[in-house]
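**Student:** Let me begin by handing over the structure; questions about it come next.
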Amino acid sequence: MKVDINSIKPSPYQPRLVFEIDELRQEIERDGLLSDLVVRKQGEGYELIDGERRLRALNALGWKTVPIRVVTLDDKIVRRSVYKVNKIRQDYTVEEEARYFKQLTDEGLTPWQISKELSVDFHWILAHLNAFKFPKYIQTALWNGQISISHLVALENVIGRSVKEAKAIIKEIISRKLTLKETKGIIQKQQEKVEKIRIEAAKEVLPKIAPKVRKLKTAKDFERAAKALKKVAKRKQEEALSPEKKAALDAKKRRTAEALKRKKKEKQRLDELRIAEEAKKLAERFKEKERRRIEQRVKKEMEKTSIAKLRKSLTNLKHKMKELQKAKASLLDKRAFLLEALNFNCPHCKSACVIYREGESYLVKRSATVSIAPGGPETPSPPAAITSKTAH
């Protein structure tokens with residue numbers, strides 16, 4: 001839809017400080033507005049989310065109404081969207097990012113929260129914020145590029161220890177035009193010097209706060225000394241706090257303790273769930289393994305049973321074959337006996353004769369004309385001597 005251009009207000013989360021609109025204004029004048037402005041409803045009007053340069057160009061061209069697309073987003077998403085969309089189109093200057101990060105900290109966000117919300121490196125954000133710890137001339141040198149933000153990243157520990165010491169190093173960087181590598185070398189030497197001073201100071205107070213640690217020789221001695229000094233430093237810091245700050249610190253400790261307790265409880269709950277899930281999976285694996293084992297055993301038993309049956313059948317078959325062979329031998333013996341019994345020397349014709357049956361008649365014939373081969377007798381010629389049913 002189209003709305004009155006005066007009803008749209010710039011985004012309070014816009015990091016950009018300088019807007020180049022001349023080229024864009026000419027393009028809109030020639031081709032028209034190619035994409036709507038993205039806004040969200042705020043009170044009676046609208047708050048801009050995407051399209052700051054277009055809005056400025058349209059104002060310069062004298063537009064009275066502008067096309068918009070209304071979205072519903074909370075502050076957290078708007079902050080992230082405005083920052084990322086503009087950064088993709090054109091990177092921010094050091095001053096723009098530094099002032100934007102400072103604006104967010106002024107609204108109550110910590111550097112760590114800004115880092116998580118905008119997906120920007122924590123040390124990068126801290127370096128931009130550290131710029132405001134120095135005098136204006138150092139800030140100006142940073143905005144103009146006489147020193148880089150990478151120099152401030154390298155100086156992070158020095159700034160945390162002493163802003164005065166960091167300022168001296170920055171002055172040297174500006175006057176000598178030191179590179180990042182040269183700056184890191186100076187910081188390293190300075191750090192070694194500071195560590196020696198600290199060790200000497202620690203040696204003087206150790207006999208009082210840690211009588212057991214008299215000489216610092218081994219790594220274990222240094223660890224004990226550091227532990228003792230840390231306790232003293234923490235106690236002294238707490239003693240130096242005002243009642244309000246001390247109460248705030250106690251409240252913070254309680255919140256931290258409660259958070260740790262909740263975290264521990266949640267971890268315990270998750271561990272129990274994990275153990276229960278693992279136990280369930282283990283039981284399922286055991287069940288599956290046992291099922292396969294039973295299947296294998298049954299299969300083997302079935303195979304054994306089948307083999308036993310086959311062996312038994314083979315044994316029975318062998319016995320039957322032996323019995324058949326015996327029966328065959330017996331039949332052959334009987335057959336030979338019968339053949340022998342059927343052949344005789346006839347007392348009447350004084351020749352070798354054979355008796356055979358034809359129908360209901362028993363006939364006698366000389367063996368020269370009757371075959372007694374296993375294939376059976378040949379068809380005999382009509383009997384010449386006997387035709388009765390009685391023997392020859």
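If you're wondering about the labels, chains in the structure tokens are A, B, ... by order shown, residues count from 1 in each chain, ligands from 1 in order shown.
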Please provide the set of residues having any atom within 10 Å of Asp75 of chain A, restricted to only C-alpha atoms, with same-chain residues fewer than 5 positions apart removed, written as a PDB file with N, CA and C atoms, in the first residue's frame.
**Tutor:**
ATOM      1  N   TYR A  13      17.870   1.779  14.917  1.00  0.00           N
ATOM      2  CA  TYR A  13      18.959   0.799  14.907  1.00  0.00           C
ATOM      3  C   TYR A  13      19.796   0.899  13.631  1.00  0.00           C
ATOM      4  N   ARG A  80      18.985  -7.000  14.414  1.00  0.00           N
ATOM      5  CA  ARG A  80      19.808  -7.900  13.609  1.00  0.00           C
ATOM      6  C   ARG A  80      19.608  -7.674  12.115  1.00  0.00           C
ATOM      7  N   SER A  81      18.352  -7.494  11.709  1.00  0.00           N
ATOM      8  CA  SER A  81      18.053  -7.328  10.281  1.00  0.00           C
ATOM      9  C   SER A  81      18.652  -6.044   9.722  1.00  0.00           C
TER      10      SER A  81
END
**Student:** Can you pull out every residue from segment 2-172 of chain A that DSSP, working from the backbone, puts in strand (DSSP E), and format the result as a ChimeraX atom specification?
**Tutor:** /A:2-4,8-9,37-42,45-50,65-70
**Student:** What is the distance between atom CA of Lys230 of chain A and atom CA of Lys245 of chain A, in Å to one decimal?
**Tutor:**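 Separating atom CA of Lys230 of chain A from atom CA of Lys245 of chain A is a distance of 20.1 Å.
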**Student:** Point out the residue among A:Met321, A:Leu249, A:Ala131, A:Ala168 with the least atom-to-atom distance to Gln237 of chain A, counting only C-alpha atoms.
**Tutor:**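 Ranked by minimum distance to Gln237 of chain A, first place goes to A:Leu249.
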**Student:** Grab the atom CA of Gly32 of chain A to atom CA of Lys84 of chain A distance for me, in Å with one decimal place.
**Tutor:**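 Atom CA of Gly32 of chain A sits 25.8 Å away from atom CA of Lys84 of chain A.
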**Student:** For atom CA of Leu363 of chain A and atom CA of Asn343 of chain A, determine how far apart the two atoms are, in Å to one decimal place.
**Tutor:**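 Computing it gives 12.5 Å between the two atoms.
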**Student:** I want to know what sits within 12 Å of Gly51 of chain A, based on only C-alpha atoms, with residues of the same chain fewer than 2 positions away left out; could you give that as a CSV table (one decimal) with N, CA and C atoms, in the first residue's frame?
**Tutor:**
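The file below, result.csv, is the result:
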chain,number,residue,atom,x,y,z
A,8,ILE,N,6.6,7.9,8.0
A,8,ILE,CA,7.7,7.0,8.1
A,8,ILE,C,8.9,7.6,8.8
A,9,LYS,N,9.3,7.0,9.9
A,9,LYS,CA,10.4,7.5,10.7
A,9,LYS,C,11.6,6.5,10.5
A,10,PRO,N,12.9,7.1,10.5
A,10,PRO,CA,14.1,6.3,10.3
A,10,PRO,C,14.2,5.3,11.4
A,11,SER,N,14.9,4.2,11.2
A,11,SER,CA,15.1,3.2,12.2
A,11,SER,C,16.1,3.7,13.3
A,14,GLN,N,19.7,2.0,13.0
A,14,GLN,CA,20.5,2.2,11.7
A,14,GLN,C,21.9,2.6,12.1
A,16,ARG,N,24.4,3.2,10.0
A,16,ARG,CA,25.0,4.1,9.0
A,16,ARG,C,24.9,5.6,9.4
A,19,PHE,N,25.1,8.8,4.2
A,19,PHE,CA,24.3,8.2,3.1
A,19,PHE,C,24.6,8.9,1.8
A,21,ILE,N,23.3,9.4,-1.7
A,21,ILE,CA,22.0,9.2,-2.4
A,21,ILE,C,21.9,9.8,-3.8
A,24,LEU,N,21.5,7.1,-6.5
A,24,LEU,CA,20.2,6.4,-6.4
A,24,LEU,C,19.0,7.4,-6.7
A,33,LEU,N,10.7,3.8,-8.6
A,33,LEU,CA,11.0,3.0,-7.4
A,33,LEU,C,10.8,1.5,-7.7
A,34,LEU,N,11.8,0.7,-7.7
A,34,LEU,CA,11.7,-0.7,-8.1
A,34,LEU,C,11.3,-1.6,-6.9
A,35,SER,N,11.5,-1.2,-5.7
A,35,SER,CA,11.1,-2.0,-4.6
A,35,SER,C,10.6,-1.2,-3.4
A,36,ASP,N,9.6,-1.8,-2.8
A,36,ASP,CA,8.9,-1.1,-1.7
A,36,ASP,C,9.8,-0.9,-0.5
A,37,LEU,N,9.5,0.1,0.4
A,37,LEU,CA,10.1,0.2,1.6
A,37,LEU,C,9.5,-0.8,2.6
A,38,VAL,N,10.4,-1.4,3.4
A,38,VAL,CA,9.9,-2.4,4.4
A,38,VAL,C,9.9,-1.6,5.8
A,39,VAL,N,8.7,-1.7,6.4
A,39,VAL,CA,8.5,-1.0,7.7
A,39,VAL,C,7.7,-1.8,8.7
A,47,GLU,N,7.8,2.6,11.3
A,47,GLU,CA,9.3,2.7,11.6
A,47,GLU,C,10.0,1.9,10.4
A,48,LEU,N,11.0,2.6,9.8
A,48,LEU,CA,11.7,2.0,8.7
A,48,LEU,C,12.6,0.8,9.1
A,49,ILE,N,12.5,-0.3,8.4
A,49,ILE,CA,13.4,-1.4,8.6
A,49,ILE,C,14.4,-1.5,7.5
A,53,ARG,N,18.2,4.7,2.4
A,53,ARG,CA,18.7,5.6,1.3
A,53,ARG,C,17.6,5.9,0.3
A,54,ARG,N,16.7,4.9,0.1
A,54,ARG,CA,15.5,5.2,-0.8
A,54,ARG,C,14.6,6.2,-0.2
A,55,LEU,N,14.4,6.2,1.1
A,55,LEU,CA,13.5,7.2,1.7
A,55,LEU,C,14.1,8.6,1.6
A,56,ARG,N,15.4,8.7,1.8
A,56,ARG,CA,16.1,10.0,1.7
A,56,ARG,C,16.0,10.5,0.3
A,57,ALA,N,16.2,9.6,-0.7
A,57,ALA,CA,16.2,10.0,-2.1
A,57,ALA,C,14.8,10.4,-2.5
A,58,LEU,N,13.7,9.7,-2.0
A,58,LEU,CA,12.4,10.1,-2.4
A,58,LEU,C,12.0,11.4,-1.7
A,66,VAL,N,4.6,7.0,-0.6
A,66,VAL,CA,5.5,6.0,-1.0
A,66,VAL,C,4.9,4.6,-0.7
A,67,PRO,N,5.3,3.6,-1.6
A,67,PRO,CA,4.8,2.3,-1.4
A,67,PRO,C,5.6,1.6,-0.3
A,68,ILE,N,4.8,0.9,0.6
A,68,ILE,CA,5.5,0.2,1.7
A,68,ILE,C,5.0,-1.3,1.8
A,69,ARG,N,5.8,-2.1,2.5
A,69,ARG,CA,5.4,-3.4,2.9
A,69,ARG,C,5.6,-3.5,4.4
A,81,SER,N,18.4,-7.5,11.7
A,81,SER,CA,18.1,-7.3,10.3
A,81,SER,C,18.7,-6.0,9.7
A,82,VAL,N,18.4,-4.9,10.4
A,82,VAL,CA,18.9,-3.6,10.0
A,82,VAL,C,20.5,-3.7,9.9
A,85,VAL,N,21.5,-6.3,6.9
A,85,VAL,CA,21.1,-5.9,5.5
A,85,VAL,C,22.0,-4.8,5.0
A,86,ASN,N,22.3,-3.8,5.8
A,86,ASN,CA,23.1,-2.7,5.4
A,86,ASN,C,24.6,-3.1,5.3
A,89,ARG,N,25.2,-4.8,1.9
A,89,ARG,CA,25.2,-3.8,0.8
A,89,ARG,C,26.5,-3.0,0.7
**Student:** Run DSSP on the backbone and give me the residues of segment 54-195 of chain A it puts in helix (DSSP H, G or I), as number ranges by chain.
**Tutor:** A: 54-61, 75-89, 94-106, 111-118, 122-133, 136-144, 149-154, 156-161, 163-176, 180-195
**Student:** For Asn130 of chain A, list every protein, DNA or RNA residue within 10 Å, evaluated using only C-alpha atoms, and leave out those in the same chain fewer than 2 positions away; present the list as a PyMOL selection string.
**Tutor:** chain A and resi 98+102+124-128+132-134+139+149+152-153+155-156+159-160+163
